[in-house]
$ cat run-v7.pdb   # PDB, C-alpha atoms
ATOM      1  CA  MET A   1      -2.045   4.185  -8.367
ATOM      2  CA  GLN A   2      -3.851   7.469  -7.785
ATOM      3  CA  ILE A   3      -4.195   9.734  -4.735
ATOM      4  CA  LYS A   4      -7.077  11.729  -3.277
ATOM      5  CA  ILE A   5      -6.981  14.060  -0.272
ATOM      6  CA  PHE A   6     -10.007  15.032   1.804
ATOM      7  CA  THR A   7     -10.102  17.612   4.593
ATOM      8  CA  LEU A   8     -13.068  17.100   6.911
ATOM      9  CA  PRO A   9     -13.935  19.716   9.552
ATOM     10  CA  ALA A  10     -14.532  18.182  12.969
ATOM     11  CA  ILE A  11     -17.864  20.013  13.207
ATOM     12  CA  GLN A  12     -20.640  20.108  10.590
ATOM     13  CA  SER A  13     -18.852  18.074   7.949
ATOM     14  CA  ASP A  14     -21.910  16.195   6.633
ATOM     15  CA  VAL A  15     -21.550  17.285   2.993
ATOM     16  CA  ILE A  16     -17.817  16.628   2.786
ATOM     17  CA  GLU A  17     -18.192  13.408   4.792
ATOM     18  CA  GLU A  18     -20.797  12.114   2.335
ATOM     19  CA  GLU A  19     -18.542  13.081  -0.591
ATOM     20  CA  ALA A  20     -15.660  11.129   1.007
ATOM     21  CA  ASN A  21     -17.886   8.104   1.656
ATOM     22  CA  LYS A  22     -19.174   8.174  -1.919
ATOM     23  CA  PHE A  23     -15.589   8.277  -3.196
ATOM     24  CA  LEU A  24     -14.565   5.355  -0.960
ATOM     25  CA  ARG A  25     -17.516   3.244  -2.136
ATOM     26  CA  SER A  26     -16.742   3.852  -5.790
ATOM     27  CA  HIS A  27     -12.969   3.184  -5.869
ATOM     28  CA  ARG A  28     -10.614   0.352  -5.019
ATOM     29  CA  VAL A  29      -8.877   1.844  -1.976
ATOM     30  CA  MET A  30      -5.327   0.664  -1.351
ATOM     31  CA  THR A  31      -4.411   2.716   1.742
ATOM     32  CA  ILE A  32      -5.839   5.479   3.906
ATOM     33  CA  ASP A  33      -3.618   7.639   6.083
ATOM     34  CA  ARG A  34      -5.345  10.065   8.420
ATOM     35  CA  GLU A  35      -4.253  12.851  10.684
ATOM     36  CA  PHE A  36      -6.174  15.087  13.070
ATOM     37  CA  CYS A  37      -5.248  18.751  13.439
ATOM     38  CA  ALA A  38      -6.692  20.705  16.370
ATOM     39  CA  GLU A  39      -6.166  24.119  14.739
ATOM     40  CA  HIS A  40      -9.067  26.147  13.295
ATOM     41  CA  GLY A  41     -11.736  24.222  15.206
ATOM     42  CA  GLY A  42     -10.206  20.840  14.370
ATOM     43  CA  TYR A  43     -10.215  18.836  11.157
ATOM     44  CA  TRP A  44      -9.232  15.457   9.735
ATOM     45  CA  THR A  45      -7.064  15.076   6.664
ATOM     46  CA  LEU A  46      -7.433  11.801   4.759
ATOM     47  CA  PHE A  47      -4.733  10.803   2.268
ATOM     48  CA  ILE A  48      -6.122   7.995   0.119
ATOM     49  CA  THR A  49      -4.262   5.898  -2.433
ATOM     50  CA  TYR A  50      -6.546   4.056  -4.806
ATOM     51  CA  GLN A  51      -6.709   2.157  -8.047
ATOM     52  CA  GLU A  52      -9.272   2.755 -10.748
ATOM     53  CA  HIS A  53     -10.277  -0.161 -12.930
ATOM     54  CA  GLY A  54     -13.123   0.307 -15.356
ATOM     55  CA  GLY A  55     -14.953   2.500 -12.860
ATOM     56  CA  GLN A  56     -16.460  -0.505 -11.090
ATOM     57  CA  PRO A  57     -15.798  -0.914  -7.391
ATOM     58  CA  GLY A  58     -14.369  -4.231  -6.282
ATOM     59  CA  THR A  59     -12.887  -5.256  -9.640
ATOM     60  CA  MET A  60      -9.426  -5.441  -8.094
ATOM     61  CA  LEU A  61     -10.476  -8.135  -5.662
ATOM     62  CA  SER A  62     -10.110 -11.824  -6.285
ATOM     63  CA  ARG A  63     -12.916 -14.209  -5.372
ATOM     64  CA  SER A  64     -11.460 -14.550  -1.893
ATOM     65  CA  GLY A  65     -11.785 -10.796  -1.346
ATOM     66  CA  LYS A  66      -8.027 -10.174  -1.491
ATOM     67  CA  VAL A  67      -6.310  -7.664  -3.735
ATOM     68  CA  ASP A  68      -5.272  -9.169  -7.083
ATOM     69  CA  TYR A  69      -1.843  -7.569  -7.511
ATOM     70  CA  ARG A  70      -1.554  -8.954 -11.054
ATOM     71  CA  GLU A  71      -4.408  -6.547 -11.918
ATOM     72  CA  VAL A  72      -3.248  -3.685  -9.709
ATOM     73  CA  LEU A  73       0.441  -3.493 -10.643
ATOM     74  CA  PRO A  74       1.937  -2.894 -14.085
ATOM     75  CA  PRO A  75       3.659  -6.057 -15.485
ATOM     76  CA  GLU A  76       7.226  -5.057 -14.568
ATOM     77  CA  GLN A  77       6.206  -4.159 -11.004
ATOM     78  CA  PHE A  78       4.192  -7.357 -10.668
ATOM     79  CA  ALA A  79       7.250  -9.380 -11.772
ATOM     80  CA  ARG A  80       9.290  -7.675  -9.039
ATOM     81  CA  PHE A  81       6.458  -8.251  -6.547
ATOM     82  CA  ALA A  82       6.421 -11.976  -7.463
ATOM     83  CA  ARG A  83      10.198 -12.234  -6.891
ATOM     84  CA  PHE A  84       9.757 -10.453  -3.553
ATOM     85  CA  ARG A  85       7.092 -12.982  -2.532
ATOM     86  CA  GLU A  86       9.561 -15.832  -3.185
ATOM     87  CA  ILE A  87      12.205 -14.127  -1.056
ATOM     88  CA  ARG A  88       9.627 -13.531   1.679
ATOM     89  CA  LYS A  89       8.673 -17.227   1.597
ATOM     90  CA  GLU A  90      12.326 -18.271   2.032
ATOM     91  CA  LEU A  91      12.889 -15.801   4.890
ATOM     92  CA  ALA A  92       9.696 -16.910   6.647
ATOM     93  CA  ALA A  93      10.673 -20.592   6.336
ATOM     94  CA  ARG A  94      14.151 -19.836   7.666
ATOM     95  CA  ASP A  95      12.732 -18.028  10.710
ATOM     96  CA  ALA A  96       9.739 -20.397  11.121
ATOM     97  CA  ILE A  97       7.217 -17.553  10.992
ATOM     98  CA  PRO A  98       4.222 -16.802   8.755
ATOM     99  CA  ALA A  99       5.115 -15.023   5.504
ATOM    100  CA  TYR A 100       3.077 -11.932   6.431
ATOM    101  CA  ALA A 101       5.284 -11.481   9.511
ATOM    102  CA  VAL A 102       8.199 -10.708   7.176
ATOM    103  CA  PHE A 103       6.220  -8.225   5.044
ATOM    104  CA  THR A 104       2.562  -8.177   4.039
ATOM    105  CA  ASP A 105       1.531  -8.275   0.385
ATOM    106  CA  GLU A 106       0.646  -4.576   0.624
ATOM    107  CA  GLU A 107       4.127  -3.771   1.968
ATOM    108  CA  LEU A 108       5.749  -5.872  -0.767
ATOM    109  CA  SER A 109       3.677  -4.102  -3.413
ATOM    110  CA  GLN A 110       4.847  -0.735  -2.096
ATOM    111  CA  ILE A 111       8.479  -1.876  -2.287
ATOM    112  CA  ALA A 112       7.877  -3.221  -5.812
ATOM    113  CA  GLN A 113       6.544   0.180  -6.874
ATOM    114  CA  MET A 114       9.613   2.094  -5.668
ATOM    115  CA  GLU A 115      11.882   3.502  -8.333
ATOM    116  CA  ASP A 116      14.794   3.683  -5.907
ATOM    117  CA  VAL A 117      14.653   0.947  -3.266
ATOM    118  CA  THR A 118      16.636   1.913  -0.174
ATOM    119  CA  MET A 119      16.602   0.764   3.434
ATOM    120  CA  THR A 120      15.281   4.193   4.408
ATOM    121  CA  ALA A 121      12.432   3.909   1.905
ATOM    122  CA  ILE A 122      11.533   0.401   3.105
ATOM    123  CA  ALA A 123      11.586   1.509   6.748
ATOM    124  CA  ALA A 124       9.340   4.475   5.873
ATOM    125  CA  ILE A 125       6.489   2.203   4.760
ATOM    126  CA  LYS A 126       3.726   2.474   7.322
ATOM    127  CA  GLY A 127       3.900  -0.451   9.751
ATOM    128  CA  VAL A 128       7.284  -1.825   8.651
ATOM    129  CA  GLY A 129       9.505  -0.260  11.300
ATOM    130  CA  LYS A 130      12.232  -2.556  12.651
ATOM    131  CA  ARG A 131      11.384  -5.352  10.224
ATOM    132  CA  ALA A 132      13.244  -3.271   7.627
ATOM    133  CA  GLU A 133      16.485  -3.827   9.568
ATOM    134  CA  LYS A 134      15.929  -7.580   9.768
ATOM    135  CA  TYR A 135      14.562  -8.334   6.288
ATOM    136  CA  GLY A 136      15.049  -5.279   4.091
ATOM    137  CA  ALA A 137      18.543  -6.153   2.850
ATOM    138  CA  ALA A 138      17.299  -9.242   0.977
ATOM    139  CA  PHE A 139      14.824  -7.130  -1.009
ATOM    140  CA  LEU A 140      17.332  -4.343  -1.490
ATOM    141  CA  ASN A 141      19.798  -6.840  -3.025
ATOM    142  CA  VAL A 142      17.215  -7.998  -5.583
ATOM    143  CA  ALA A 143      16.319  -4.436  -6.534
ATOM    144  CA  GLN A 144      19.992  -3.474  -6.931
ATOM    145  CA  HIS A 145      20.668  -6.488  -9.177
ATOM    146  CA  GLU A 146      17.743  -5.457 -11.415
ATOM    147  CA  GLU A 147      19.323  -2.047 -11.939
ATOM    148  CA  SER A 148      22.722  -3.492 -12.938
TER
END
$ encode --input "run-v7.pdb" --output "structure tokens"
Amino acid sequence: MQIKIFTLPAIQSDVIEEEANKFLRSHRVMTIDREFCAEHGGYWTLFITYQEHGGQPGTMLSRSGKVDYREVLPPEQFARFARFREIRKELAARDAIPAYAVFTDEELSQIAQMEDVTMTAIAAIKGVGKRAEKYGAAFLNVAQHEES
């Protein structure tokens, strides 16, 4: 996974805005975090994580339009991601909820990419929040057993 940061002035940002749009069209974007700062006339900062794959946009998508994590993640991280999906399936069945309500595939992929999986790190994933308290321990246990 790669990162790219853009800073776009709130006023007269046509050139930088077009550069950002061109970048977004030409890369497989995983996440975009944005923040507005009112200082110095105001500006947006975009923090983009993306995956390059042969320089062709869309090659990370399956036919259904979803991210193909087998292509996105290195083999060892994909193996961890696959184990996490099984755990998620069991937790969702236990609680009679959809699997994505435990953690989304994107959230699971972020956990799978962590070198040091901790409850704090899981909770810090954007959008996870209190679900880390309820479900994080199951994923933490798997990660700790891998390290042993």
$ closest_residue --input "run-v7.pdb" --among "A:Met119, A:Met1, A:Leu8, A:Val67" --to "A:Asp105" --atoms "all atoms listed in the file"
A:Val67
$ resolve_selection --input "run-v7.pdb" --expression "the PyMOL selection byres ((chain A and resi 118) around 12)" --output "ChimeraX atom specification"
/A:111-112,114-117,119-125,132-133,136-144
$ closest_residue --input "run-v7.pdb" --among "A:Leu24, A:Pro9, A:Thr49, A:Ser109" --to "A:Cys37" --atoms "all atoms listed in the file"
A:Pro9
$ closest_atom_pairs --input "run-v7.pdb" --of "stretch 40-118 of chain A" --to "stretch 14-21 of chain A" --cutoff "12 Å" --atoms "all atoms listed in the file" --output "Markdown table"
| residue | atom | partner | partner_atom | distance |
| --- | --- | --- | --- | --- |
| A:Tyr43 | CA | A:Ile16 | CA | 11.5 |
| A:Trp44 | CA | A:Glu17 | CA | 10.4 |
| A:Thr45 | CA | A:Ala20 | CA | 11.0 |
| A:Leu46 | CA | A:Ala20 | CA | 9.1 |
| A:Phe47 | CA | A:Ala20 | CA | 11.0 |
| A:Ile48 | CA | A:Ala20 | CA | 10.1 |
$ resolve_selection --input "run-v7.pdb" --expression "the PyMOL selection byres ((chain A and resi 69) around 8)" --output "PyMOL selection string"
chain A and resi 60+67-68+70-73+78+109
$ atom_distance --input "run-v7.pdb" --atom1 "atom CA of A:Lys126" --atom2 "atom CA of A:Ile32"
10.6 Å
$ atom_distance --input "run-v7.pdb" --atom1 "atom CA of A:Gly127" --atom2 "atom CA of A:Pro98"
16.4 Å
$ residues_around --input "run-v7.pdb" --residues "A:Ile87" --least-positions-apart "5" --cutoff "10 Å" --atoms "all atoms listed in the file" --output "list in words"
Phe81, Ala82, Ala92, Ala93, Ala99, Val102, Tyr135, Ala138, Phe139 and Val142 of chain A
